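This is coords-v3.txt. It holds compact mmCIF, C-alpha atoms.
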# COMPACT_ATOMS: atom_id res chain seq x y z
CA MET D 1 3.80 23.24 13.27
CA LYS D 2 2.25 19.90 14.30
CA LEU D 3 1.86 16.85 12.08
CA LEU D 4 -0.04 13.59 12.60
CA LEU D 5 1.36 10.78 10.42
CA VAL D 6 -1.06 7.86 10.06
CA THR D 7 0.51 4.60 8.86
CA ARG D 8 -0.34 0.91 8.78
CA HIS D 9 3.37 -0.01 8.75
CA PHE D 10 5.52 0.96 11.73
CA PRO D 11 7.84 -0.74 14.23
CA PRO D 12 7.82 -3.20 15.80
CA GLY D 13 6.47 -4.48 12.50
CA GLY D 14 9.10 -4.94 9.81
CA GLY D 15 9.19 -5.02 6.04
CA GLY D 16 9.93 -2.53 3.30
CA GLY D 17 6.77 -0.47 3.95
CA VAL D 18 8.05 0.57 7.37
CA GLN D 19 11.09 2.58 6.33
CA ARG D 20 9.51 5.62 4.64
CA PRO D 21 7.10 6.55 7.49
CA LEU D 22 9.69 5.61 10.12
CA LYS D 23 12.40 7.80 8.60
CA PHE D 24 10.04 10.73 8.11
CA ALA D 25 8.98 10.46 11.76
CA SER D 26 12.65 10.34 12.77
CA HIS D 27 13.83 13.34 10.72
CA LEU D 28 10.90 15.78 10.85
CA PRO D 29 11.18 16.76 14.56
CA ALA D 30 14.73 18.05 13.97
CA LEU D 31 13.31 20.24 11.19
CA GLY D 32 10.86 21.97 13.53
CA ILE D 33 7.82 19.77 12.83
CA GLU D 34 6.27 18.36 16.02
CA THR D 35 5.47 14.84 14.85
CA HIS D 36 2.82 12.44 16.13
CA VAL D 37 2.38 8.94 14.67
CA LEU D 38 -0.81 6.86 14.73
CA ALA D 39 -0.16 3.18 13.97
CA PRO D 40 -1.68 -0.23 14.75
CA GLU D 41 -0.86 -2.05 17.95
CA LEU D 42 0.69 -5.14 16.41
CA PRO D 43 3.51 -7.47 17.47
CA GLY D 44 6.60 -7.43 15.33
CA ALA D 45 7.99 -10.42 13.51
CA PRO D 46 10.59 -12.44 15.43
CA GLY D 47 13.92 -10.63 15.39
CA GLU D 48 12.49 -7.26 14.33
CA ASP D 49 12.75 -5.76 17.82
CA GLU D 50 15.95 -3.96 16.78
CA LEU D 51 13.85 -1.48 14.79
CA GLU D 52 13.95 1.57 17.05
CA LEU D 53 11.07 3.97 17.43
CA PRO D 54 11.84 7.64 16.72
CA THR D 55 13.02 9.25 19.94
CA GLN D 56 11.53 12.71 19.34
CA ALA D 57 8.12 11.78 17.94
CA TRP D 58 4.99 10.80 19.87
CA VAL D 59 3.71 7.35 18.86
CA HIS D 60 0.03 6.53 19.49
CA ARG D 61 -1.51 3.10 18.97
CA VAL D 62 -4.94 1.74 18.04
CA ARG D 63 -5.64 -1.96 18.41
CA TYR D 64 -5.42 -3.66 15.04
CA VAL D 65 -8.67 -5.01 13.58
CA GLY D 66 -8.59 -6.96 10.33
CA PRO D 67 -6.86 -9.84 8.53
CA ARG D 68 -3.35 -10.76 9.53
CA ASP D 69 -0.47 -10.98 7.11
CA GLY D 70 -0.08 -14.02 4.88
CA ARG D 71 -0.53 -15.02 1.27
CA PRO D 72 -4.12 -16.25 0.76
CA ALA D 73 -3.24 -18.76 -1.96
CA GLU D 74 -0.56 -20.40 0.16
CA LEU D 75 -2.79 -20.48 3.25
CA VAL D 76 -5.28 -22.50 1.18
CA ARG D 77 -2.63 -24.88 -0.19
CA GLN D 78 -1.44 -25.67 3.32
CA ARG D 79 -4.84 -27.13 4.30
CA GLN D 80 -6.89 -30.13 3.24
CA GLY D 81 -10.52 -31.22 3.36
CA LEU D 82 -12.94 -29.25 5.55
CA ALA D 83 -10.10 -27.10 6.89
CA ARG D 84 -9.33 -26.06 3.34
CA LEU D 85 -12.96 -25.14 2.67
CA GLY D 86 -13.12 -23.16 5.90
CA THR D 87 -9.98 -21.25 4.99
CA GLN D 88 -11.34 -20.49 1.52
CA ALA D 89 -14.56 -19.14 3.04
CA ALA D 90 -12.67 -16.96 5.52
CA LEU D 91 -10.38 -15.62 2.82
CA LEU D 92 -13.34 -14.75 0.58
CA GLY D 93 -14.38 -12.11 3.08
CA ARG D 94 -10.84 -10.79 3.13
CA ARG D 95 -10.76 -10.52 -0.65
CA LEU D 96 -14.11 -8.70 -0.72
CA LEU D 97 -12.93 -5.90 1.55
CA VAL D 98 -12.59 -2.80 -0.63
CA PRO D 99 -10.54 -0.84 -1.33
CA ASP D 100 -8.26 -3.20 0.65
CA GLU D 101 -8.18 -5.68 3.51
CA ASN D 102 -7.04 -3.04 6.00
CA LEU D 103 -10.35 -1.18 5.78
CA PRO D 104 -11.46 -2.36 9.27
CA TRP D 105 -8.43 -0.79 10.98
CA SER D 106 -8.58 2.34 8.85
CA THR D 107 -12.19 2.71 10.01
CA VAL D 108 -11.70 2.12 13.75
CA ALA D 109 -8.69 4.46 13.75
CA VAL D 110 -10.79 7.45 12.62
CA PRO D 111 -12.12 8.40 16.09
CA ALA D 112 -8.62 8.12 17.59
CA ALA D 113 -7.21 10.34 14.86
CA VAL D 114 -9.94 12.96 15.38
CA ARG D 115 -9.28 12.98 19.15
CA LEU D 116 -5.53 13.41 18.60
CA VAL D 117 -6.00 16.27 16.17
CA ARG D 118 -8.27 18.13 18.59
CA ARG D 119 -6.30 17.37 21.77
CA GLU D 120 -2.83 18.08 20.36
CA GLY D 121 -3.76 20.95 18.06
CA ILE D 122 -2.56 19.11 14.95
CA ASP D 123 -2.19 21.33 11.88
CA VAL D 124 -1.61 18.67 9.19
CA VAL D 125 -2.66 15.02 8.91
CA LEU D 126 -0.54 12.86 6.59
CA THR D 127 -1.87 9.46 5.52
CA THR D 128 0.56 7.15 3.74
CA SER D 129 -0.40 4.27 1.48
CA PRO D 130 -0.44 1.39 1.01
CA PRO D 131 -3.01 0.60 2.20
CA PRO D 132 -5.21 2.96 0.15
CA SER D 133 -7.99 2.81 2.76
CA LEU D 134 -5.94 5.10 5.01
CA HIS D 135 -6.78 7.97 2.66
CA LEU D 136 -10.47 7.49 3.51
CA LEU D 137 -9.41 8.20 7.10
CA GLY D 138 -7.56 11.31 5.96
CA ALA D 139 -10.63 12.71 4.21
CA LEU D 140 -12.87 11.99 7.21
CA VAL D 141 -10.47 13.57 9.70
CA LYS D 142 -10.11 16.66 7.53
CA ARG D 143 -13.88 17.02 7.35
CA ALA D 144 -14.33 16.53 11.11
CA THR D 145 -11.50 18.79 12.31
CA GLY D 146 -10.55 21.21 9.54
CA ALA D 147 -6.91 20.05 9.66
CA ALA D 148 -5.02 20.13 6.37
CA TRP D 149 -4.62 16.69 4.74
CA VAL D 150 -1.57 15.36 2.88
CA ALA D 151 -1.85 12.03 1.03
CA ASP D 152 1.51 10.25 0.66
CA LEU D 153 1.51 7.64 -2.12
CA ARG D 154 4.28 5.05 -1.90
CA ASP D 155 2.57 2.99 -4.63
CA PRO D 156 0.20 3.94 -7.45
CA LEU D 157 -3.51 4.09 -6.68
CA GLY D 158 -4.39 3.17 -10.26
CA ALA D 159 -2.15 0.95 -12.40
CA HIS D 160 -0.27 -0.78 -9.59
CA PRO D 161 2.50 -3.13 -10.85
CA HIS D 162 1.57 -5.94 -8.45
CA ARG D 163 -2.22 -5.80 -8.71
CA ARG D 164 -3.73 -8.05 -11.35
CA GLY D 165 -6.73 -6.01 -12.39
CA TYR D 166 -6.11 -6.96 -16.00
CA GLU D 167 -6.19 -10.67 -15.06
CA SER D 168 -9.21 -11.31 -12.78
CA ARG D 169 -12.63 -9.80 -12.14
CA LEU D 170 -12.20 -9.65 -8.37
CA ALA D 171 -8.88 -7.86 -8.75
CA LEU D 172 -10.53 -5.52 -11.26
CA LEU D 173 -13.23 -4.76 -8.67
CA LYS D 174 -10.61 -3.84 -6.10
CA GLU D 175 -8.69 -1.81 -8.63
CA THR D 176 -11.86 0.11 -9.48
CA ALA D 177 -12.43 0.82 -5.78
CA VAL D 178 -8.85 2.01 -5.40
CA GLY D 179 -9.42 4.25 -8.41
CA GLY D 180 -12.24 5.82 -6.42
CA VAL D 181 -9.77 6.53 -3.61
CA ALA D 182 -7.46 8.20 -6.15
CA ARG D 183 -10.29 10.50 -7.24
CA LEU D 184 -11.05 11.30 -3.59
CA VAL D 185 -7.39 12.17 -2.98
CA ALA D 186 -7.32 14.41 -6.04
CA ALA D 187 -10.52 16.18 -5.06
CA GLN D 188 -9.98 16.71 -1.33
CA ALA D 189 -6.32 16.43 -0.29
CA ASP D 190 -4.59 19.75 0.34
CA ALA D 191 -1.38 18.21 -0.99
CA VAL D 192 -0.33 14.92 -2.55
CA VAL D 193 3.15 13.46 -2.22
CA ALA D 194 4.22 10.81 -4.73
CA ALA D 195 7.18 8.47 -4.23
CA SER D 196 7.95 8.50 -7.97
CA GLU D 197 7.24 10.63 -10.99
CA ALA D 198 5.08 7.87 -12.49
CA ILE D 199 2.79 8.01 -9.44
CA ALA D 200 2.68 11.80 -9.71
CA GLU D 201 1.73 11.57 -13.40
CA GLU D 202 -1.17 9.28 -12.54
CA LEU D 203 -2.52 11.84 -10.05
CA ARG D 204 -1.80 14.76 -12.34
CA ALA D 205 -4.21 13.27 -14.86
CA LEU D 206 -6.96 13.58 -12.22
CA GLU D 207 -6.29 17.33 -11.86
CA PRO D 208 -5.70 17.44 -8.09
CA LYS D 209 -6.92 20.56 -6.32
CA GLY D 210 -3.93 20.67 -3.97
CA ARG D 211 -0.20 20.85 -4.46
CA LEU D 212 1.38 17.78 -6.07
CA ALA D 213 5.00 16.98 -5.20
CA THR D 214 7.31 14.08 -6.01
CA ILE D 215 9.38 13.10 -2.98
CA ALA D 216 11.14 9.84 -3.76
CA ASN D 217 12.43 7.34 -1.25
CA GLY D 218 15.93 8.02 -0.01
CA CYS D 219 19.19 6.37 0.94
CA ASP D 220 19.87 5.73 4.62
CA PHE D 221 23.66 5.69 4.53
CA ASP D 222 23.95 5.67 8.32
CA ASP D 223 22.10 2.34 8.47
CA PHE D 224 25.20 0.70 6.96
CA ALA D 225 27.68 2.29 9.37
CA GLY D 226 30.03 -0.35 10.78
CA LEU D 227 29.02 -3.00 8.24
CA GLU D 228 31.85 -4.35 6.10
CA HIS D 229 32.39 -6.27 2.90
CA HIS D 230 34.64 -9.32 3.27
CA PRO D 231 36.32 -10.99 0.28
CA SER D 232 34.87 -14.38 -0.60
CA ASP D 233 35.85 -17.33 -2.76
CA ARG D 234 32.31 -17.32 -4.17
CA LEU D 235 30.41 -14.65 -6.09
CA ARG D 236 27.59 -13.87 -3.67
CA ILE D 237 24.45 -12.46 -5.28
CA THR D 238 21.87 -11.27 -2.76
CA HIS D 239 18.20 -10.39 -3.09
CA THR D 240 16.38 -9.02 -0.05
CA GLY D 241 12.62 -8.61 0.19
CA HIS D 242 9.49 -10.66 -0.25
CA PHE D 243 8.00 -12.02 -3.46
CA HIS D 244 4.42 -11.00 -4.15
CA GLY D 245 2.23 -10.06 -7.07
CA LYS D 246 4.09 -10.22 -10.38
CA ARG D 247 7.64 -10.17 -9.01
CA ASP D 248 9.25 -13.27 -10.49
CA PRO D 249 12.61 -14.89 -9.62
CA ARG D 250 12.31 -17.62 -12.25
CA PRO D 251 14.14 -15.95 -15.17
CA PHE D 252 17.08 -15.23 -12.86
CA LEU D 253 17.07 -18.78 -11.45
CA ARG D 254 16.96 -20.21 -14.97
CA ALA D 255 19.85 -17.94 -15.98
CA LEU D 256 21.88 -19.07 -13.00
CA ALA D 257 21.31 -22.72 -13.89
CA GLU D 258 22.21 -22.12 -17.56
CA SER D 259 25.35 -20.13 -16.73
CA GLY D 260 27.26 -23.24 -15.67
CA LEU D 261 28.98 -21.19 -12.96
CA GLU D 262 29.82 -23.25 -9.91
CA ASP D 263 31.50 -20.67 -7.67
CA VAL D 264 28.37 -18.52 -7.42
CA VAL D 265 25.71 -18.48 -4.69
CA ALA D 266 22.39 -16.65 -4.93
CA ARG D 267 20.97 -15.71 -1.53
CA PHE D 268 17.30 -14.80 -1.12
CA ALA D 269 16.47 -13.16 2.20
CA GLY D 270 12.69 -12.88 2.48
CA ASP D 271 9.59 -14.94 1.82
CA VAL D 272 9.63 -16.99 -1.37
CA ARG D 273 6.40 -18.46 -2.75
CA ASP D 274 5.96 -22.23 -2.52
CA SER D 275 5.56 -22.39 -6.31
CA ASP D 276 8.89 -20.62 -6.81
CA ARG D 277 10.59 -22.98 -4.36
CA ALA D 278 9.22 -25.92 -6.34
CA PHE D 279 10.49 -24.41 -9.58
CA ALA D 280 13.96 -23.87 -8.10
CA ALA D 281 14.05 -27.50 -6.99
CA THR D 282 13.70 -28.62 -10.64
CA LEU D 283 16.88 -26.74 -11.61
CA ASP D 284 19.23 -28.76 -9.40
CA LEU D 285 21.08 -25.66 -8.20
CA GLY D 286 22.33 -27.35 -5.03
CA ASP D 287 24.46 -25.06 -2.87
CA ARG D 288 24.32 -22.32 -5.52
CA LEU D 289 20.96 -21.26 -4.04
CA GLU D 290 20.23 -20.28 -0.44
CA LEU D 291 16.65 -19.50 0.59
CA LEU D 292 17.14 -17.78 3.93
CA GLY D 293 13.52 -16.87 4.66
CA SER D 294 12.64 -13.71 6.55
CA VAL D 295 15.56 -12.15 8.40
CA PRO D 296 15.79 -9.17 10.77
CA ARG D 297 16.51 -5.85 9.12
CA ARG D 298 20.01 -5.64 10.55
CA ARG D 299 20.84 -9.03 9.08
CA SER D 300 19.39 -7.93 5.74
CA LEU D 301 21.71 -4.91 5.72
CA GLU D 302 24.70 -7.10 6.65
CA LEU D 303 23.94 -9.44 3.75
CA GLN D 304 23.68 -6.54 1.32
CA ARG D 305 26.98 -4.96 2.30
CA ASP D 306 28.74 -8.33 2.38
CA SER D 307 27.81 -9.29 -1.18
CA GLU D 308 29.55 -9.07 -4.51
CA VAL D 309 26.29 -8.30 -6.36
CA LEU D 310 22.80 -7.18 -5.33
CA LEU D 311 19.83 -8.45 -7.34
CA LEU D 312 16.95 -6.07 -8.11
CA LEU D 313 13.79 -7.48 -9.72
CA VAL D 314 11.04 -5.25 -11.13
CA PRO D 315 8.52 -6.93 -13.47
CA TYR D 316 7.05 -5.48 -16.65
CA SER D 317 3.50 -6.12 -15.32
CA GLY D 318 1.83 -5.26 -18.58
CA GLY D 319 3.79 -2.00 -18.80
CA ARG D 320 3.07 -1.00 -15.21
CA GLY D 321 6.62 -1.62 -14.03
CA GLN D 322 8.09 1.20 -16.11
CA GLY D 323 7.64 3.86 -13.47
CA VAL D 324 8.44 1.75 -10.40
CA LEU D 325 11.18 3.26 -8.25
CA THR D 326 11.16 0.83 -5.35
CA GLY D 327 12.57 1.69 -1.95
CA LYS D 328 14.71 -1.43 -2.26
CA LEU D 329 16.78 0.26 -4.96
CA PHE D 330 17.66 3.14 -2.64
CA GLU D 331 18.68 0.65 0.04
CA TYR D 332 20.92 -1.13 -2.47
CA LEU D 333 22.46 2.20 -3.49
CA ALA D 334 23.27 2.91 0.16
CA ALA D 335 24.88 -0.54 0.47
CA GLU D 336 27.33 0.51 -2.26
CA ARG D 337 27.66 -2.87 -3.93
CA PRO D 338 27.21 -3.53 -7.70
CA ILE D 339 23.58 -4.02 -8.73
CA LEU D 340 22.23 -6.52 -11.24
CA ALA D 341 18.98 -4.77 -12.17
CA ALA D 342 16.54 -7.09 -13.94
CA VAL D 343 14.07 -4.30 -14.59
CA PRO D 344 12.27 -2.68 -17.55
CA PRO D 345 15.30 -1.30 -19.47
CA ASP D 346 13.70 2.06 -20.27
CA GLY D 347 12.02 2.47 -16.87
CA ALA D 348 12.74 4.69 -13.87
CA ALA D 349 14.78 2.11 -11.95
CA ALA D 350 16.99 1.43 -14.97
CA ARG D 351 17.65 5.15 -15.45
CA LEU D 352 18.71 5.62 -11.83
CA VAL D 353 21.08 2.63 -11.95
CA ARG D 354 22.65 3.93 -15.17
CA ASP D 355 22.82 7.55 -14.03
CA THR D 356 24.59 6.64 -10.79
CA GLY D 357 26.87 4.09 -12.51
CA THR D 358 26.05 1.48 -9.89
CA GLY D 359 25.21 -1.60 -11.92
CA VAL D 360 24.03 -3.31 -15.08
CA VAL D 361 20.50 -3.40 -16.49
CA VAL D 362 18.84 -6.36 -18.21
CA PRO D 363 15.20 -7.09 -19.14
CA PRO D 364 13.43 -8.82 -16.23
CA ASP D 365 12.00 -11.67 -18.30
CA ASP D 366 15.03 -12.42 -20.53
CA ALA D 367 16.90 -15.36 -18.99
CA GLY D 368 19.50 -15.26 -21.76
CA ALA D 369 20.36 -11.62 -21.13
CA ILE D 370 20.49 -12.24 -17.39
CA ARG D 371 22.81 -15.20 -17.98
CA ASP D 372 25.13 -13.08 -20.09
CA ALA D 373 25.19 -10.39 -17.40
CA LEU D 374 26.01 -13.03 -14.78
CA LEU D 375 28.91 -14.30 -16.89
CA ASP D 376 30.22 -10.75 -17.35
CA LEU D 377 29.97 -9.96 -13.63
CA HIS D 378 31.66 -13.25 -12.80
CA GLY D 379 34.52 -12.52 -15.21
CA ARG D 380 35.07 -9.08 -13.72
CA TRP D 381 34.99 -10.55 -10.22
CA ARG D 382 37.55 -13.24 -11.10
CA ALA D 383 39.78 -10.53 -12.56
CA GLY D 384 39.52 -8.46 -9.38
CA LEU D 385 37.63 -5.69 -11.19
CA LEU D 386 34.26 -5.95 -9.43
CA ASP D 387 34.68 -3.30 -6.76
CA GLY D 388 32.22 -1.44 -4.58
CA THR D 389 30.06 1.32 -6.03
CA PRO D 390 30.37 4.33 -3.71
CA LEU D 391 28.20 7.22 -4.81
CA ALA D 392 29.69 10.58 -5.68
CA ASP D 393 29.14 13.27 -3.05
CA GLU D 394 26.61 15.01 -5.26
CA TRP D 395 24.51 11.84 -5.55
CA ARG D 396 24.81 11.09 -1.82
CA GLU D 397 23.41 14.52 -1.02
CA ARG D 398 20.63 14.30 -3.61
CA LEU D 399 19.51 10.82 -2.58
CA SER D 400 19.85 11.04 1.20
CA ARG D 401 16.76 10.44 3.33
CA ALA D 402 17.51 13.67 5.22
CA ALA D 403 17.12 15.63 1.97
CA ARG D 404 13.76 13.94 1.34
CA ALA D 405 12.57 14.84 4.85
CA GLU D 406 13.54 18.48 4.24
CA GLU D 407 11.40 18.46 1.09
CA LEU D 408 8.44 17.11 3.07
CA ALA D 409 8.95 19.63 5.88
CA GLU D 410 8.89 22.48 3.35
CA LEU D 411 5.63 21.19 1.87
CA VAL D 412 4.01 20.79 5.32
CA ARG D 413 4.98 24.34 6.31
CA SER D 414 3.43 25.67 3.10
CA LEU D 415 0.02 24.45 4.34
CA ARG D 416 -0.13 26.81 7.34

Now that the file is in, can you turn its structure into structure tokens?
Amino acid sequence: MKLLLVTRHFPPGGGGGVQRPLKFASHLPALGIETHVLAPELPGAPGEDELELPTQAWVHRVRYVGPRDGRPAELVRQRQGLARLGTQAALLGRRLLVPDENLPWSTVAVPAAVRLVRREGIDVVLTTSPPPSLHLLGALVKRATGAAWVADLRDPLGAHPHRRGYESRLALLKETAVGGVARLVAAQADAVVAASEAIAEELRALEPKGRLATIANGCDFDDFAGLEHHPSDRLRITHTGHFHGKRDPRPFLRALAESGLEDVVARFAGDVRDSDRAFAATLDLGDRLELLGSVPRRRSLELQRDSEVLLLLVPYSGGRGQGVLTGKLFEYLAAERPILAAVPPDGAAARLVRDTGTGVVVPPDDAGAIRDALLDLHGRWRAGLLDGTPLADEWRERLSRAARAEELAELVRSLR
């Protein structure tokens, strides 16, 4: 059985979007699936060269065409005068690309994907989003070659928690285009894999013709091998990952300021918006706040394990955050440190935290509730009662990435 996995996110590039396709490509060959990967030829961020390529999968590259990473609003704010106008004009074209800004690469990668399928005798093509435009490639390759097509959805194609379709007309236009991709997936994909039940429910409403399976993200326990927790005279609260869309650190920062706690430090490893930095500066948090910027993945894992508390932020987003089961949560579970989950209290992330007994849940926009949770965690820490949160064997087996890969392998084999 031969599989071609097409992904926009793959080493040497870093970020949260890399882990799901990377781990699938690493595990599937051992399960009897000959795995080929098609990814952009892009340099990695500084320090990300420790991300190792899978040793038993074939990795093929296509030169990247399209906008580079960066937040459009902040690129504009960094420029003045004519340079600012030029940047605004350039970014307009980027915003008008539908269904997403990666459409140019998804288009130029089609011929390469068709050649690979024919040359290698590929049985199944798997496209993983975001970006949604990769599923256009999947449909075209299926039509050209007859290979079976699996669409893997890491994020919703409709009511995405970080898209602002309910706030601006341009975002609504993009959301409408992405909705068209969802209908294409439902109509033509031989199977659809959803990273959460909420994503699966969205596709189920479109009556997909192929099999629909929920295969959540998983815990990579081996990634934390050799990393230790060291006692500290400060309560270290760590958040890893970038801030984008509706994800908002301000209620937590306000809660930290209002708590009056002096022996606490909140560490943010990842990009923080300029506006959020400015807000934090008004709170006079001093050395209680560390903005570390982007860090290599290994350093991110070290920070997680060597923390007293891990901070998870999932916004309400007009009700769209209820079903979000971010990959970051599974990474935190593997780190086995207590989690402060500022998430929709009746959502999927909250249920998993409660079911595994790995943390406390508070509403994401309630600074008072977050403050009270901070005070409680601090009191338990001072009393020596804030220990690690190792998962029970049953949960480790259920949540392991290897188990998720076995689920995917079974689905791929069913498409023979």

- Query: From the set D:Ala213, D:Ala200, D:Ala57, D:Cys219, which residue has the shortest atom-to-atom contact distance to His27 of chain D, counting all atoms listed in the file?
  - Reply: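 Among the listed residues, the smallest separation from His27 of chain D belongs to D:Ala57.
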
- Could you pull out every residue with an atom within 12 Å of (16.6, -25.2, -4.1), file coordinates, counting all atoms listed in the file, and send them as number ranges by chain? D: 250, 253-254, 257, 265-268, 272, 274-292

- Excluding segment 28-39 of chain D and residues on its chain fewer than 3 positions from it, collect all residues at most 6 Å away from it, counting all atoms listed in the file, and give them as a list in words.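 Result of the neighbour search: Met1, Lys2, Leu3, Leu4, Leu5, Val6, Thr7, Arg8, Phe24, Ala25, Ala57, Trp58, Val59, His60 and Arg61 of chain D.
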
Write out, as a PDB file, in the frame of the given file, the residues just selected, with C-alpha atoms.
ATOM      1  CA  MET D   1       3.800  23.240  13.270  1.00  0.00           C
ATOM      2  CA  LYS D   2       2.250  19.900  14.300  1.00  0.00           C
ATOM      3  CA  LEU D   3       1.860  16.850  12.080  1.00  0.00           C
ATOM      4  CA  LEU D   4      -0.040  13.590  12.600  1.00  0.00           C
ATOM      5  CA  LEU D   5       1.360  10.780  10.420  1.00  0.00           C
ATOM      6  CA  VAL D   6      -1.060   7.860  10.060  1.00  0.00           C
ATOM      7  CA  THR D   7       0.510   4.600   8.860  1.00  0.00           C
ATOM      8  CA  ARG D   8      -0.340   0.910   8.780  1.00  0.00           C
ATOM      9  CA  PHE D  24      10.040  10.730   8.110  1.00  0.00           C
ATOM     10  CA  ALA D  25       8.980  10.460  11.760  1.00  0.00           C
ATOM     11  CA  ALA D  57       8.120  11.780  17.940  1.00  0.00           C
ATOM     12  CA  TRP D  58       4.990  10.800  19.870  1.00  0.00           C
ATOM     13  CA  VAL D  59       3.710   7.350  18.860  1.00  0.00           C
ATOM     14  CA  HIS D  60       0.030   6.530  19.490  1.00  0.00           C
ATOM     15  CA  ARG D  61      -1.510   3.100  18.970  1.00  0.00           C
TER      16      ARG D  61
END

- Item | Residue with smallest distance to Asp271 of chain D - pool D:Ser307, D:Glu336, D:Gly15, D:Arg234, counting all atoms listed in the file |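 Distance minimum relative to Asp271 of chain D lands on D:Gly15.
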
- Task: Write out as a PyMOL selection string which residues come within 9 Å of Val178 of chain D when counting only C-alpha atoms, dropping same-chain ones fewer than 3 positions away.
- Result: chain D and resi 98-100+132-133+157-158+173-175+181-183

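Restricting the calculation to only C-alpha atoms, the smallest distance between Ala409 of chain D and any of D:Leu126, D:Val309, D:Asp376, D:Ile339 is found for D:Leu126.
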
- Query: From the list D:Leu256, D:Leu140, D:Val412, D:Ala335, which residue is nearest Gly368 of chain D when using only C-alpha atoms?
  - Reply: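 Ranked by minimum distance to Gly368 of chain D, first place goes to D:Leu256.
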
- Message: One decimal, in Å: what's the spacing between atom CA of Gly16 of chain D and atom CA of Gly138 of chain D?
- Response: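 Computed distance, atom CA of Gly16 of chain D to atom CA of Gly138 of chain D, equals 22.5 Å.
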
- Just give me the gap between atom CA of Gly226 of chain D and atom CA of Arg297 of chain D in Å, one decimal is fine. 14.7 Å

- Find the distance between atom CA of Asp263 of chain D and atom CA of Leu329 of chain D and write it in Å to one decimal.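 Distance reported for this atom pair: 25.7 Å.
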
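Compared by their closest atoms to Thr240 of chain D, and using all atoms listed in the file, the residues D:Val185, D:Leu261, D:Glu207, D:Tyr332 rank with D:Tyr332 nearest.
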
- Of the candidates D:Leu153, D:Ala269, D:Ala144, D:Leu310, which shows the shortest atom-to-atom distance to Leu333 of chain D, using all atoms listed in the file?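 Of the candidates, the smallest distance to Leu333 of chain D is held by D:Leu310.
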
Name the residues in contact with segment 393-396 of chain D at a cut-off of 10 Å, using all atoms listed in the file, excluding same-chain residues fewer than 6 positions from it; report them as a PDB file with C-alpha atoms, in the coordinates of the input.
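Everything below was put into selection-v6.pdb:
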ATOM      1  CA  GLY D 218      15.930   8.020  -0.010  1.00  0.00           C
ATOM      2  CA  CYS D 219      19.190   6.370   0.940  1.00  0.00           C
ATOM      3  CA  ASP D 220      19.870   5.730   4.620  1.00  0.00           C
ATOM      4  CA  PHE D 221      23.660   5.690   4.530  1.00  0.00           C
ATOM      5  CA  LEU D 333      22.460   2.200  -3.490  1.00  0.00           C
ATOM      6  CA  ALA D 334      23.270   2.910   0.160  1.00  0.00           C
ATOM      7  CA  ASP D 355      22.820   7.550 -14.030  1.00  0.00           C
ATOM      8  CA  THR D 356      24.590   6.640 -10.790  1.00  0.00           C
ATOM      9  CA  ALA D 403      17.120  15.630   1.970  1.00  0.00           C
TER      10      ALA D 403
END

- For Pro40 of chain D, list every protein, DNA or RNA residue within 12 Å, evaluated using all atoms listed in the file, and leave out those in the same chain fewer than 3 positions away; present the list as a ChimeraX atom specification. /D:6-13,37,43-44,59-66,68,102,104-109,112-113,134

- Query: Could you list as a PyMOL selection string every residue that has an atom within 12 Å of (6.3, 11.6, -14.3), using the file's coordinates and counting only C-alpha atoms?
  - Reply: chain D and resi 156+194-205+212-216+322-325+347-348
